[in-house]
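What follows is the content of upload_32.pdb (PDB, C-alpha atoms).
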```
ATOM      1  CA  MET J1267      -5.499  38.540   9.669
ATOM      2  CA  THR J1268      -7.365  41.773  10.408
ATOM      3  CA  LEU J1269      -7.894  44.624   7.959
ATOM      4  CA  THR J1270      -5.388  46.799   9.808
ATOM      5  CA  GLU J1271      -2.793  44.031   9.706
ATOM      6  CA  ILE J1272      -3.346  43.505   5.975
ATOM      7  CA  ILE J1273      -2.943  47.230   5.266
ATOM      8  CA  GLU J1274       0.202  47.523   7.371
ATOM      9  CA  ASN J1275       1.627  44.374   5.764
ATOM     10  CA  PHE J1276       1.032  45.828   2.293
ATOM     11  CA  LYS J1277       2.565  49.155   3.244
ATOM     12  CA  THR J1278       5.734  47.590   4.604
ATOM     13  CA  LYS J1279       6.249  44.932   1.947
ATOM     14  CA  LEU J1280       5.072  46.696  -1.208
ATOM     15  CA  ASN J1281       6.123  49.951  -2.791
ATOM     16  CA  PRO J1282       3.431  52.646  -3.217
ATOM     17  CA  SER J1283       3.004  51.943  -6.929
ATOM     18  CA  THR J1284       2.323  48.269  -6.288
ATOM     19  CA  ILE J1285      -0.063  49.093  -3.474
ATOM     20  CA  MET J1286      -2.104  51.376  -5.684
ATOM     21  CA  ASP J1287      -2.104  48.805  -8.470
ATOM     22  CA  SER J1288      -4.039  46.500  -6.169
ATOM     23  CA  LEU J1289      -6.844  49.058  -6.194
ATOM     24  CA  GLU J1290      -7.134  49.159  -9.975
ATOM     25  CA  LYS J1291      -9.686  46.393  -9.863
ATOM     26  CA  THR J1292     -12.143  48.095  -7.539
ATOM     27  CA  ALA J1293     -15.518  48.933  -8.979
ATOM     28  CA  SER J1294     -17.082  52.331  -9.005
ATOM     29  CA  PHE J1295     -20.563  53.315  -8.225
ATOM     30  CA  TYR J1296     -22.478  56.079  -6.591
ATOM     31  CA  ASP J1297     -25.544  57.271  -4.737
ATOM     32  CA  GLU J1298     -28.930  55.881  -5.783
ATOM     33  CA  SER J1299     -30.727  57.533  -2.897
ATOM     34  CA  GLU J1300     -32.860  60.239  -4.516
ATOM     35  CA  ASN J1301     -35.816  58.744  -2.610
ATOM     36  CA  ASP J1302     -34.137  59.561   0.706
ATOM     37  CA  SER J1303     -33.180  63.216   0.950
ATOM     38  CA  GLU J1304     -31.847  62.817   4.471
ATOM     39  CA  ALA J1305     -29.524  60.003   3.356
ATOM     40  CA  SER J1306     -28.412  61.999   0.332
ATOM     41  CA  GLY J1307     -27.503  64.937   2.516
ATOM     42  CA  SER J1308     -25.582  62.624   4.798
ATOM     43  CA  TRP J1309     -23.578  61.312   1.836
ATOM     44  CA  GLU J1310     -22.767  64.853   0.690
ATOM     45  CA  GLU J1311     -21.573  65.626   4.196
ATOM     46  CA  LEU J1312     -19.340  62.571   4.171
ATOM     47  CA  GLN J1313     -17.933  63.340   0.726
ATOM     48  CA  ASN J1314     -17.234  66.972   1.585
ATOM     49  CA  GLN J1315     -14.878  66.009   4.389
ATOM     50  CA  LYS J1316     -11.117  65.655   3.851
ATOM     51  CA  ARG J1317     -10.929  65.264   0.063
ATOM     52  CA  SER J1318      -7.430  64.956  -1.343
ATOM     53  CA  SER J1319      -6.373  67.285  -4.179
ATOM     54  CA  SER J1320      -2.928  65.762  -4.691
ATOM     55  CA  THR J1321      -3.515  64.549  -8.254
ATOM     56  CA  GLY J1322      -3.328  67.985  -9.836
ATOM     57  CA  PHE J1323      -6.595  67.236 -11.636
ATOM     58  CA  SER J1324      -9.721  69.272 -11.018
ATOM     59  CA  HIS J1325     -12.036  67.297  -8.749
ATOM     60  CA  SER J1326     -14.740  68.911  -6.666
ATOM     61  CA  SER J1327     -17.075  67.446  -4.105
ATOM     62  CA  GLU J1328     -19.744  69.535  -5.840
ATOM     63  CA  ARG J1329     -19.030  67.529  -8.980
ATOM     64  CA  SER J1330     -18.066  70.503 -11.128
ATOM     65  CA  ARG J1331     -16.889  69.884 -14.674
ATOM     66  CA  LEU J1332     -13.435  68.423 -15.152
ATOM     67  CA  THR J1333     -13.071  69.793 -18.670
ATOM     68  CA  SER J1334     -13.169  73.526 -19.387
ATOM     69  CA  ASN J1335     -16.018  73.224 -21.913
ATOM     70  CA  GLU J1336     -18.382  70.653 -23.396
ATOM     71  CA  ARG J1337     -16.466  70.462 -26.679
ATOM     72  CA  GLU J1338     -13.208  69.450 -25.002
ATOM     73  CA  PRO J1339     -12.765  65.661 -24.684
ATOM     74  CA  LEU J1340     -12.222  64.258 -21.231
ATOM     75  CA  ILE J1341     -10.267  61.366 -22.800
ATOM     76  CA  LYS J1342      -8.657  61.646 -26.222
ATOM     77  CA  LEU J1343      -6.802  58.972 -28.185
ATOM     78  CA  THR J1344      -4.770  60.092 -31.183
ATOM     79  CA  ASP J1345      -3.360  57.493 -33.623
ATOM     80  CA  VAL J1346      -2.931  55.004 -30.806
ATOM     81  CA  TRP J1347      -1.189  51.690 -31.416
ATOM     82  CA  LYS J1348      -0.511  48.942 -28.911
ATOM     83  CA  ILE J1349       2.061  46.448 -30.106
ATOM     84  CA  TYR J1350       3.135  43.319 -28.255
ATOM     85  CA  GLN J1351       6.343  41.427 -28.942
ATOM     86  CA  MET J1352       5.615  37.697 -29.154
ATOM     87  CA  GLY J1353       8.984  36.077 -29.625
ATOM     88  CA  GLU J1354      10.244  37.336 -32.966
ATOM     89  CA  VAL J1355       6.783  38.395 -34.067
ATOM     90  CA  GLU J1356       5.069  41.706 -33.372
ATOM     91  CA  PHE J1357       1.321  41.680 -32.759
ATOM     92  CA  ALA J1358      -0.696  44.898 -33.023
ATOM     93  CA  ALA J1359      -3.649  44.684 -30.624
ATOM     94  CA  LEU J1360      -4.700  48.237 -31.500
ATOM     95  CA  LYS J1361      -4.067  49.935 -34.834
ATOM     96  CA  GLY J1362      -4.255  53.687 -35.213
ATOM     97  CA  ILE J1363      -7.154  54.352 -32.841
ATOM     98  CA  ASP J1364      -8.603  57.869 -32.881
ATOM     99  CA  LEU J1365     -11.312  58.422 -30.278
ATOM    100  CA  ASP J1366     -12.711  61.303 -28.246
ATOM    101  CA  ILE J1367     -14.697  60.572 -25.079
ATOM    102  CA  PHE J1368     -16.617  63.470 -23.597
ATOM    103  CA  GLU J1369     -17.473  64.153 -20.003
ATOM    104  CA  GLY J1370     -20.898  62.926 -18.984
ATOM    105  CA  GLU J1371     -21.525  60.469 -21.812
ATOM    106  CA  PHE J1372     -22.467  56.803 -21.555
ATOM    107  CA  LEU J1373     -20.122  55.060 -23.969
ATOM    108  CA  VAL J1374     -20.223  51.371 -24.852
ATOM    109  CA  VAL J1375     -17.198  49.820 -26.577
ATOM    110  CA  LEU J1376     -18.570  46.778 -28.357
ATOM    111  CA  GLY J1377     -16.571  44.033 -30.005
ATOM    112  CA  PRO J1378     -16.098  40.256 -30.273
ATOM    113  CA  SER J1379     -13.461  38.292 -28.415
ATOM    114  CA  GLY J1380      -9.965  39.250 -29.572
ATOM    115  CA  SER J1381     -11.072  42.584 -31.029
ATOM    116  CA  GLY J1382      -8.743  44.636 -28.830
ATOM    117  CA  LYS J1383     -11.428  46.060 -26.558
ATOM    118  CA  SER J1384      -9.725  44.932 -23.326
ATOM    119  CA  THR J1385      -6.447  46.447 -24.496
ATOM    120  CA  LEU J1386      -8.326  49.657 -25.210
ATOM    121  CA  MET J1387      -9.851  49.538 -21.731
ATOM    122  CA  ASN J1388      -6.395  49.276 -20.167
ATOM    123  CA  LEU J1389      -5.330  52.448 -21.973
ATOM    124  CA  LEU J1390      -8.508  54.328 -21.078
ATOM    125  CA  GLY J1391      -8.020  53.381 -17.432
ATOM    126  CA  CYS J1392      -4.344  54.419 -17.320
ATOM    127  CA  LEU J1393      -3.393  50.812 -16.629
ATOM    128  CA  ASP J1394      -1.074  50.828 -19.636
ATOM    129  CA  ILE J1395       0.452  53.301 -22.077
ATOM    130  CA  PRO J1396       0.415  53.111 -25.886
ATOM    131  CA  SER J1397       3.288  51.827 -27.992
ATOM    132  CA  GLU J1398       2.657  54.688 -30.409
ATOM    133  CA  GLY J1399       0.298  57.640 -30.414
ATOM    134  CA  THR J1400      -1.067  59.594 -27.478
ATOM    135  CA  VAL J1401      -3.705  59.096 -24.794
ATOM    136  CA  TYR J1402      -4.832  62.298 -23.089
ATOM    137  CA  LEU J1403      -6.775  62.356 -19.834
ATOM    138  CA  ASN J1404      -8.163  65.816 -19.113
ATOM    139  CA  SER J1405      -5.555  67.239 -21.543
ATOM    140  CA  ASN J1406      -2.671  65.397 -19.844
ATOM    141  CA  ASP J1407      -0.570  62.958 -21.883
ATOM    142  CA  ILE J1408      -0.553  59.850 -19.678
ATOM    143  CA  SER J1409       2.755  58.675 -21.182
ATOM    144  CA  GLU J1410       4.456  61.717 -19.650
ATOM    145  CA  LEU J1411       3.133  61.153 -16.122
ATOM    146  CA  GLU J1412       5.099  59.465 -13.371
ATOM    147  CA  GLU J1413       3.811  56.086 -12.193
ATOM    148  CA  SER J1414       2.950  57.591  -8.809
ATOM    149  CA  GLU J1415       0.758  60.173 -10.551
ATOM    150  CA  LEU J1416      -0.930  57.499 -12.659
ATOM    151  CA  ALA J1417      -1.580  55.501  -9.482
ATOM    152  CA  ARG J1418      -3.247  58.500  -7.858
ATOM    153  CA  ILE J1419      -5.379  59.041 -10.961
ATOM    154  CA  ARG J1420      -6.452  55.398 -10.953
ATOM    155  CA  GLY J1421      -7.228  55.577  -7.258
ATOM    156  CA  GLN J1422      -9.180  58.838  -7.304
ATOM    157  CA  MET J1423     -10.444  59.648 -10.812
ATOM    158  CA  ILE J1424     -11.363  56.263 -12.289
ATOM    159  CA  GLY J1425     -13.553  53.580 -10.788
ATOM    160  CA  PHE J1426     -13.237  50.048 -12.137
ATOM    161  CA  ILE J1427     -15.873  47.339 -12.369
ATOM    162  CA  PHE J1428     -14.631  43.959 -13.547
ATOM    163  CA  GLN J1429     -16.329  40.739 -14.519
ATOM    164  CA  SER J1430     -14.647  39.009 -11.583
ATOM    165  CA  PHE J1431     -15.410  40.651  -8.283
ATOM    166  CA  ASN J1432     -11.866  40.933  -6.868
ATOM    167  CA  LEU J1433     -12.882  40.858  -3.223
ATOM    168  CA  ILE J1434     -10.335  39.837  -0.602
ATOM    169  CA  PRO J1435     -11.687  36.489   0.659
ATOM    170  CA  THR J1436     -10.423  36.842   4.237
ATOM    171  CA  LEU J1437     -12.076  40.230   4.771
ATOM    172  CA  SER J1438     -15.705  40.835   5.638
ATOM    173  CA  THR J1439     -18.060  42.743   3.363
ATOM    174  CA  GLU J1440     -17.570  45.904   5.397
ATOM    175  CA  GLU J1441     -13.783  45.524   5.482
ATOM    176  CA  ASN J1442     -13.653  45.103   1.688
ATOM    177  CA  VAL J1443     -15.563  48.362   1.277
ATOM    178  CA  LEU J1444     -13.229  50.059   3.746
ATOM    179  CA  LEU J1445     -10.090  48.958   1.902
ATOM    180  CA  PRO J1446      -9.780  51.841  -0.630
ATOM    181  CA  LEU J1447     -10.406  54.347   2.168
ATOM    182  CA  GLU J1448      -7.642  52.769   4.224
ATOM    183  CA  PHE J1449      -5.246  53.227   1.327
ATOM    184  CA  GLN J1450      -6.358  56.850   1.009
ATOM    185  CA  GLU J1451      -5.667  57.184   4.766
ATOM    186  CA  GLU J1452      -9.210  58.353   5.399
ATOM    187  CA  ASP J1453     -10.231  59.135   8.991
ATOM    188  CA  ALA J1454     -11.262  55.790  10.482
ATOM    189  CA  HIS J1455     -14.583  56.981  11.895
ATOM    190  CA  LEU J1456     -15.571  58.771   8.685
ATOM    191  CA  ALA J1457     -14.504  55.772   6.592
ATOM    192  CA  ARG J1458     -16.697  53.418   8.595
ATOM    193  CA  ARG J1459     -19.673  55.759   8.236
ATOM    194  CA  LYS J1460     -19.142  55.827   4.474
ATOM    195  CA  ALA J1461     -18.891  52.039   4.307
ATOM    196  CA  GLU J1462     -22.103  51.597   6.273
ATOM    197  CA  TYR J1463     -23.925  54.073   4.055
ATOM    198  CA  LEU J1464     -22.683  52.487   0.837
ATOM    199  CA  LEU J1465     -23.642  48.997   1.901
ATOM    200  CA  ASP J1466     -27.075  50.343   2.727
ATOM    201  CA  ILE J1467     -27.665  51.878  -0.713
ATOM    202  CA  VAL J1468     -26.688  48.625  -2.458
ATOM    203  CA  GLY J1469     -29.008  46.705  -0.138
ATOM    204  CA  LEU J1470     -26.383  44.793   1.860
ATOM    205  CA  SER J1471     -26.431  46.502   5.249
ATOM    206  CA  ASP J1472     -27.395  43.173   6.826
ATOM    207  CA  LYS J1473     -24.391  41.405   5.247
ATOM    208  CA  LYS J1474     -21.565  43.645   6.474
ATOM    209  CA  LYS J1475     -19.962  40.917   8.607
ATOM    210  CA  ASN J1476     -20.230  38.201   5.962
ATOM    211  CA  LEU J1477     -17.216  36.901   4.061
ATOM    212  CA  PRO J1478     -17.348  36.887   0.226
ATOM    213  CA  SER J1479     -17.718  33.097   0.266
ATOM    214  CA  GLN J1480     -20.995  33.562   2.134
ATOM    215  CA  LEU J1481     -22.484  35.785  -0.590
ATOM    216  CA  SER J1482     -24.065  35.097  -3.955
ATOM    217  CA  GLY J1483     -22.420  36.314  -7.163
ATOM    218  CA  GLY J1484     -24.779  39.255  -7.411
ATOM    219  CA  GLN J1485     -24.137  40.231  -3.805
ATOM    220  CA  ARG J1486     -20.374  40.077  -4.332
ATOM    221  CA  GLN J1487     -20.627  42.381  -7.325
ATOM    222  CA  ARG J1488     -22.666  44.805  -5.248
ATOM    223  CA  VAL J1489     -19.983  44.739  -2.548
ATOM    224  CA  ALA J1490     -17.393  45.544  -5.232
ATOM    225  CA  ILE J1491     -19.612  48.394  -6.385
ATOM    226  CA  ALA J1492     -19.946  49.747  -2.843
ATOM    227  CA  ARG J1493     -16.189  49.437  -2.312
ATOM    228  CA  SER J1494     -15.372  51.879  -5.066
ATOM    229  CA  LEU J1495     -18.232  54.234  -4.337
ATOM    230  CA  ALA J1496     -16.182  55.450  -1.412
ATOM    231  CA  VAL J1497     -13.667  57.273  -3.614
ATOM    232  CA  ASN J1498     -16.449  58.866  -5.724
ATOM    233  CA  PRO J1499     -14.545  58.982  -9.054
ATOM    234  CA  PRO J1500     -15.959  60.994 -11.976
ATOM    235  CA  ILE J1501     -15.207  58.205 -14.483
ATOM    236  CA  ILE J1502     -16.555  54.658 -14.270
ATOM    237  CA  LEU J1503     -14.864  52.057 -16.450
ATOM    238  CA  ALA J1504     -16.541  48.662 -16.579
ATOM    239  CA  ASP J1505     -15.192  45.532 -18.288
ATOM    240  CA  GLU J1506     -17.978  42.991 -18.875
ATOM    241  CA  PRO J1507     -19.623  44.045 -15.581
ATOM    242  CA  THR J1508     -22.510  41.584 -15.892
ATOM    243  CA  GLY J1509     -20.602  38.637 -17.344
ATOM    244  CA  ASN J1510     -20.762  36.506 -14.193
ATOM    245  CA  LEU J1511     -24.293  37.481 -13.193
ATOM    246  CA  ASP J1512     -27.757  36.178 -13.921
ATOM    247  CA  SER J1513     -29.931  38.365 -16.127
ATOM    248  CA  LYS J1514     -31.989  39.850 -13.274
ATOM    249  CA  THR J1515     -28.936  40.879 -11.263
ATOM    250  CA  GLY J1516     -27.186  42.083 -14.410
ATOM    251  CA  ASP J1517     -30.140  44.332 -15.189
ATOM    252  CA  TYR J1518     -29.980  45.718 -11.650
ATOM    253  CA  ILE J1519     -26.303  46.589 -12.068
ATOM    254  CA  LEU J1520     -26.887  48.266 -15.434
ATOM    255  CA  GLU J1521     -29.880  50.236 -14.199
ATOM    256  CA  PHE J1522     -27.743  51.387 -11.286
ATOM    257  CA  LEU J1523     -25.015  52.530 -13.687
ATOM    258  CA  ASP J1524     -27.621  54.265 -15.792
ATOM    259  CA  GLY J1525     -28.829  56.042 -12.672
ATOM    260  CA  LEU J1526     -25.306  57.280 -11.985
ATOM    261  CA  HIS J1527     -25.138  58.665 -15.485
ATOM    262  CA  GLU J1528     -28.556  60.325 -15.340
ATOM    263  CA  LYS J1529     -28.477  61.634 -11.764
ATOM    264  CA  GLU J1530     -24.803  62.327 -11.152
ATOM    265  CA  GLY J1531     -23.543  63.095 -14.652
ATOM    266  CA  LYS J1532     -20.754  60.571 -14.333
ATOM    267  CA  THR J1533     -18.868  59.436 -17.404
ATOM    268  CA  ILE J1534     -19.660  55.750 -17.922
ATOM    269  CA  ILE J1535     -17.546  53.561 -20.219
ATOM    270  CA  ILE J1536     -18.506  49.905 -20.643
ATOM    271  CA  VAL J1537     -16.366  47.457 -22.613
ATOM    272  CA  THR J1538     -18.359  44.399 -23.680
ATOM    273  CA  HIS J1539     -19.288  41.848 -26.307
ATOM    274  CA  ASP J1540     -22.909  41.829 -25.106
ATOM    275  CA  LEU J1541     -25.207  43.542 -27.586
ATOM    276  CA  ASP J1542     -27.920  44.002 -24.936
ATOM    277  CA  LEU J1543     -25.826  46.620 -23.132
ATOM    278  CA  VAL J1544     -26.002  48.949 -26.131
ATOM    279  CA  LYS J1545     -29.495  50.108 -25.124
ATOM    280  CA  TYR J1546     -28.023  52.125 -22.248
ATOM    281  CA  ALA J1547     -25.502  53.987 -24.403
ATOM    282  CA  THR J1548     -25.519  57.498 -25.796
ATOM    283  CA  ARG J1549     -22.710  56.431 -28.120
ATOM    284  CA  VAL J1550     -21.344  53.059 -29.256
ATOM    285  CA  VAL J1551     -17.846  52.360 -30.546
ATOM    286  CA  TYR J1552     -17.666  49.171 -32.621
ATOM    287  CA  ILE J1553     -14.192  47.620 -32.615
ATOM    288  CA  ARG J1554     -12.846  44.647 -34.549
ATOM    289  CA  ASP J1555      -9.307  43.378 -35.201
ATOM    290  CA  GLY J1556      -7.821  46.303 -33.278
ATOM    291  CA  GLU J1557      -9.552  48.969 -35.360
ATOM    292  CA  ILE J1558     -12.680  51.062 -34.928
ATOM    293  CA  GLU J1559     -15.247  49.957 -37.507
ATOM    294  CA  LYS J1560     -17.766  52.687 -36.771
ATOM    295  CA  ILE J1561     -19.087  54.996 -34.076
ATOM    296  CA  GLU J1562     -22.830  55.260 -33.567
ATOM    297  CA  ILE J1563     -24.535  58.178 -31.821
ATOM    298  CA  ARG J1564     -27.812  56.987 -30.408
ATOM    299  CA  THR J1565     -30.722  57.600 -28.078
ATOM    300  CA  LYS J1566     -30.981  55.402 -25.004
ATOM    301  CA  LYS J1567     -33.297  52.391 -25.248
ATOM    302  CA  GLU J1568     -33.464  52.472 -29.069
ATOM    303  CA  PRO J1569     -32.554  49.271 -30.987
ATOM    304  CA  SER J1570     -28.989  48.798 -32.172
ATOM    305  CA  THR J1571     -28.179  48.756 -35.878
ATOM    306  CA  ILE J1572     -25.798  45.809 -35.448
ATOM    307  CA  ASN J1573     -26.870  42.154 -35.442
ATOM    308  CA  GLU J1574     -25.797  39.359 -33.097
ATOM    309  CA  SER J1575     -24.099  37.590 -36.012
ATOM    310  CA  ASP J1576     -21.828  40.590 -36.496
ATOM    311  CA  MET J1577     -20.333  39.984 -33.041
ATOM    312  CA  ASN J1578     -18.914  36.553 -33.926
TER     313      ASN J1578
END
```

Could you quickly redo this structure as structure tokens?
Amino acid sequence: MTLTEIIENFKTKLNPSTIMDSLEKTASFYDESENDSEASGSWEELQNQKRSSSTGFSHSSERSRLTSNEREPLIKLTDVWKIYQMGEVEFAALKGIDLDIFEGEFLVVLGPSGSGKSTLMNLLGCLDIPSEGTVYLNSNDISELEESELARIRGQMIGFIFQSFNLIPTLSTEENVLLPLEFQEEDAHLARRKAEYLLDIVGLSDKKKNLPSQLSGGQRQRVAIARSLAVNPPIILADEPTGNLDSKTGDYILEFLDGLHEKEGKTIIIVTHDLDLVKYATRVVYIRDGEIEKIEIRTKKEPSTINESDMN
């Protein structure tokens, strides 16, 4: 089945909310090409063309601030609880979370398995709403937004990187990168130019016709990264982004994310149990048993104050 046939099949068989939900698992990444000024200019030209403003959120191709001032949180959680009903028993995955996340910071949410960090990630990414309390994104209460609006936010404001790569196995590398642009109804010629450029900056221009099964794990993650670069979101939310990668490839991915933070001013949020990722953070939120234990403001590359044993 071709890419066009897949898109048309989705559009006829699925409602818009479900279609957009399939894009929640795309990764987000952006231009690493400061060594190539001509390429950088080309990317700016591509990004400046036909940008949708339908979300009602401020989003500029010139990457202007989303928030009105530096003291205003981009994401704010106020007394947030997430409670699941398990038969006759209620289970609180999150308990009274208060957290401000500011535009342009590199935040690592660190916690052991079962700490509630994945539940927190779902709320930060507008994939779920709290049972109690409030989650604000750019001063908007996400619980008060229609599902169609949340879908647009997920598709345009937030880029997702997941531990599993979530590539469509029957599509080529290039077609996987094109997929979000197809859903955004991007001009076909412009979309293909973007896909070619993105595959080039992640070093896979020679693999554009390969299927995911013909790629290594690291290459598949880079395809997922390129796929979400196309929508150029201001927020990147990564859940264990290096969990399925060898250490060398994992370091490449993290250095790339760090470059996005340093060069583009993107807001990076990584949810992980891996203590090594802390060295990239400007702030670390330690979570355990659904509660924030402490928040550490830090300088990049400095040692963490928490030990490996504390993560068990």

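Here the PyMOL selection byres ((chain J and resi 1493) around 10) catches exactly these residues: J:Thr1292, J:Ala1293, J:Ser1294, J:Phe1295, J:Gly1425, J:Leu1433, J:Thr1439, J:Glu1440, J:Glu1441, J:Asn1442, J:Val1443, J:Leu1444, J:Leu1445, J:Pro1446, J:Leu1447, J:Lys1460, J:Ala1461, J:Leu1464, J:Leu1465, J:Gln1487, J:Arg1488, J:Val1489, J:Ala1490, J:Ile1491, J:Ala1492, J:Ser1494, J:Leu1495, J:Ala1496, J:Val1497.
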
Next item on the list: Could you check which of J:Glu1413, J:Thr1533, J:Ala1504, J:Leu1360 is closest to J:Gly1380, using all atoms listed in the file?
Entry: J:Leu1360

Check: Near stretch 1550-1563 of chain J, within 10 Å and counting only C-alpha atoms, which residues show up once chain neighbours fewer than 5 positions away are dropped, as a PyMOL selection string?
Finding: chain J and resi 1347-1348+1358-1365+1372-1383+1385-1386+1535-1537+1539+1543-1545+1570-1572+1577

Contact check, stretch 1493-1524 of chain J to stretch 1466-1486 of chain J, at most 9 Å, counting all atoms listed in the file, closest pairs as a Markdown table:
```
| residue | atom | partner | partner_atom | distance |
| --- | --- | --- | --- | --- |
| J:Asn1510 | CA | J:Gly1483 | CA | 7.2 |
| J:Leu1511 | CA | J:Gly1484 | CA | 6.1 |
| J:Asp1512 | CA | J:Gly1484 | CA | 7.8 |
| J:Thr1515 | CA | J:Gly1484 | CA | 5.9 |
| J:Gly1516 | CA | J:Gly1484 | CA | 7.9 |
| J:Ile1519 | CA | J:Gly1484 | CA | 8.8 |
```

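What separates atom CA of J:Glu1412 from atom CA of J:Asp1453 is a distance of 27.1 Å.
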
Item checked: Residues in the PyMOL selection byres ((chain J and resi 1371) around 8), expressed as number ranges by chain -> J: 1367-1370, 1372-1373, 1527, 1531-1534, 1548-1549

For the contact check between stretch 1453-1515 of chain J and stretch 1330-1333 of chain J, emit one row per residue of stretch 1453-1515 of chain J within 12 Å, containing the shortest atom pair and the distance in Å rounded to one decimal, counting all atoms listed in the file, chain then rising number order, as CSV.
```
residue,atom,partner,partner_atom,distance
J:Pro1499,CA,J:Leu1332,CA,11.3
J:Pro1500,CA,J:Leu1332,CA,8.5
J:Ile1501,CA,J:Leu1332,CA,10.4
```

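Between J:Asp1505 and the candidates J:Leu1343, J:Ile1427, J:Leu1389, J:Leu1411, the tightest atom-to-atom separation, counting only C-alpha atoms, involves J:Ile1427.
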
Next item on the list: Calculate how many Å separate atom CA of J:Met1423 from atom CA of J:Asn1498, rounding to one decimal.
Entry: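 Rounded to one decimal, the two atoms are 7.9 Å apart.
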
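Shortest atom-to-atom contact with J:Thr1538 among J:Glu1415, J:Glu1506, J:Asp1407, J:Glu1568: J:Glu1506, counting all atoms listed in the file.
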
Next item on the list: Give me, please, the distance in Å between atom CA of J:Ile1395 and atom CA of J:Ile1408, quoted to one decimal.
Entry: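 If I compute the distance from atom CA of J:Ile1395 to atom CA of J:Ile1408, I get 7.0 Å.
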
Check: Pick from J:Thr1400, J:Lys1529, J:Thr1344, J:Cys1392: nearest to J:Ser1414, with only C-alpha atoms counted?
Finding: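 Checking each candidate against J:Ser1414, we get J:Cys1392 as the closest.
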
Item checked: J:Leu1403, J:Pro1507, J:Leu1393, J:Asp1366 ranked by distance to J:Phe1431, top pick (using all atoms listed in the file) -> J:Pro1507

Notebook entry, point to check: Could you pull the residues within 9 Å of J:Asn1404, counting all atoms listed in the file, minus those fewer than 3 positions along the same chain, as a list in words?
Noted result: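 Contacts, in chain order: Phe1323, Ser1324, Leu1332, Thr1333, Glu1338, Pro1339, Leu1340, Ile1341, Lys1342 and Asp1407 of chain J.
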
Written-out stretch 1432-1436 of chain J (all heavy atoms) as a tab-separated table (two decimals), in the first residue's frame:
```
chain	number	residue	atom	x	y	z
J	1432	ASN	N	8.26	3.52	16.57
J	1432	ASN	CA	6.93	3.82	16.03
J	1432	ASN	C	6.94	4.21	14.56
J	1432	ASN	O	6.23	5.11	14.13
J	1432	ASN	CB	6.27	4.92	16.87
J	1432	ASN	CG	6.09	4.51	18.31
J	1432	ASN	OD1	5.47	3.51	18.62
J	1432	ASN	ND2	6.68	5.29	19.20
J	1433	LEU	N	7.76	3.53	13.79
J	1433	LEU	CA	7.74	3.72	12.34
J	1433	LEU	C	6.74	2.75	11.72
J	1433	LEU	O	6.54	1.65	12.21
J	1433	LEU	CB	9.13	3.48	11.75
J	1433	LEU	CG	10.27	4.36	12.28
J	1433	LEU	CD1	11.59	3.94	11.64
J	1433	LEU	CD2	9.99	5.82	12.04
J	1434	ILE	N	6.12	3.18	10.62
J	1434	ILE	CA	5.20	2.29	9.91
J	1434	ILE	C	6.03	1.34	9.05
J	1434	ILE	O	6.77	1.78	8.17
J	1434	ILE	CB	4.21	3.10	9.06
J	1434	ILE	CG1	3.32	3.93	9.98
J	1434	ILE	CG2	3.37	2.17	8.17
J	1434	ILE	CD1	2.29	4.77	9.27
J	1435	PRO	N	5.95	0.03	9.31
J	1435	PRO	CA	6.89	-0.91	8.68
J	1435	PRO	C	6.77	-1.03	7.17
J	1435	PRO	O	7.72	-1.43	6.51
J	1435	PRO	CB	6.56	-2.24	9.38
J	1435	PRO	CG	5.18	-2.09	9.89
J	1435	PRO	CD	5.03	-0.64	10.24
J	1436	THR	N	5.58	-0.71	6.62
J	1436	THR	CA	5.39	-0.86	5.18
J	1436	THR	C	5.77	0.39	4.40
J	1436	THR	O	5.71	0.40	3.17
J	1436	THR	CB	3.92	-1.20	4.88
J	1436	THR	OG1	3.07	-0.18	5.43
J	1436	THR	CG2	3.55	-2.55	5.46
```
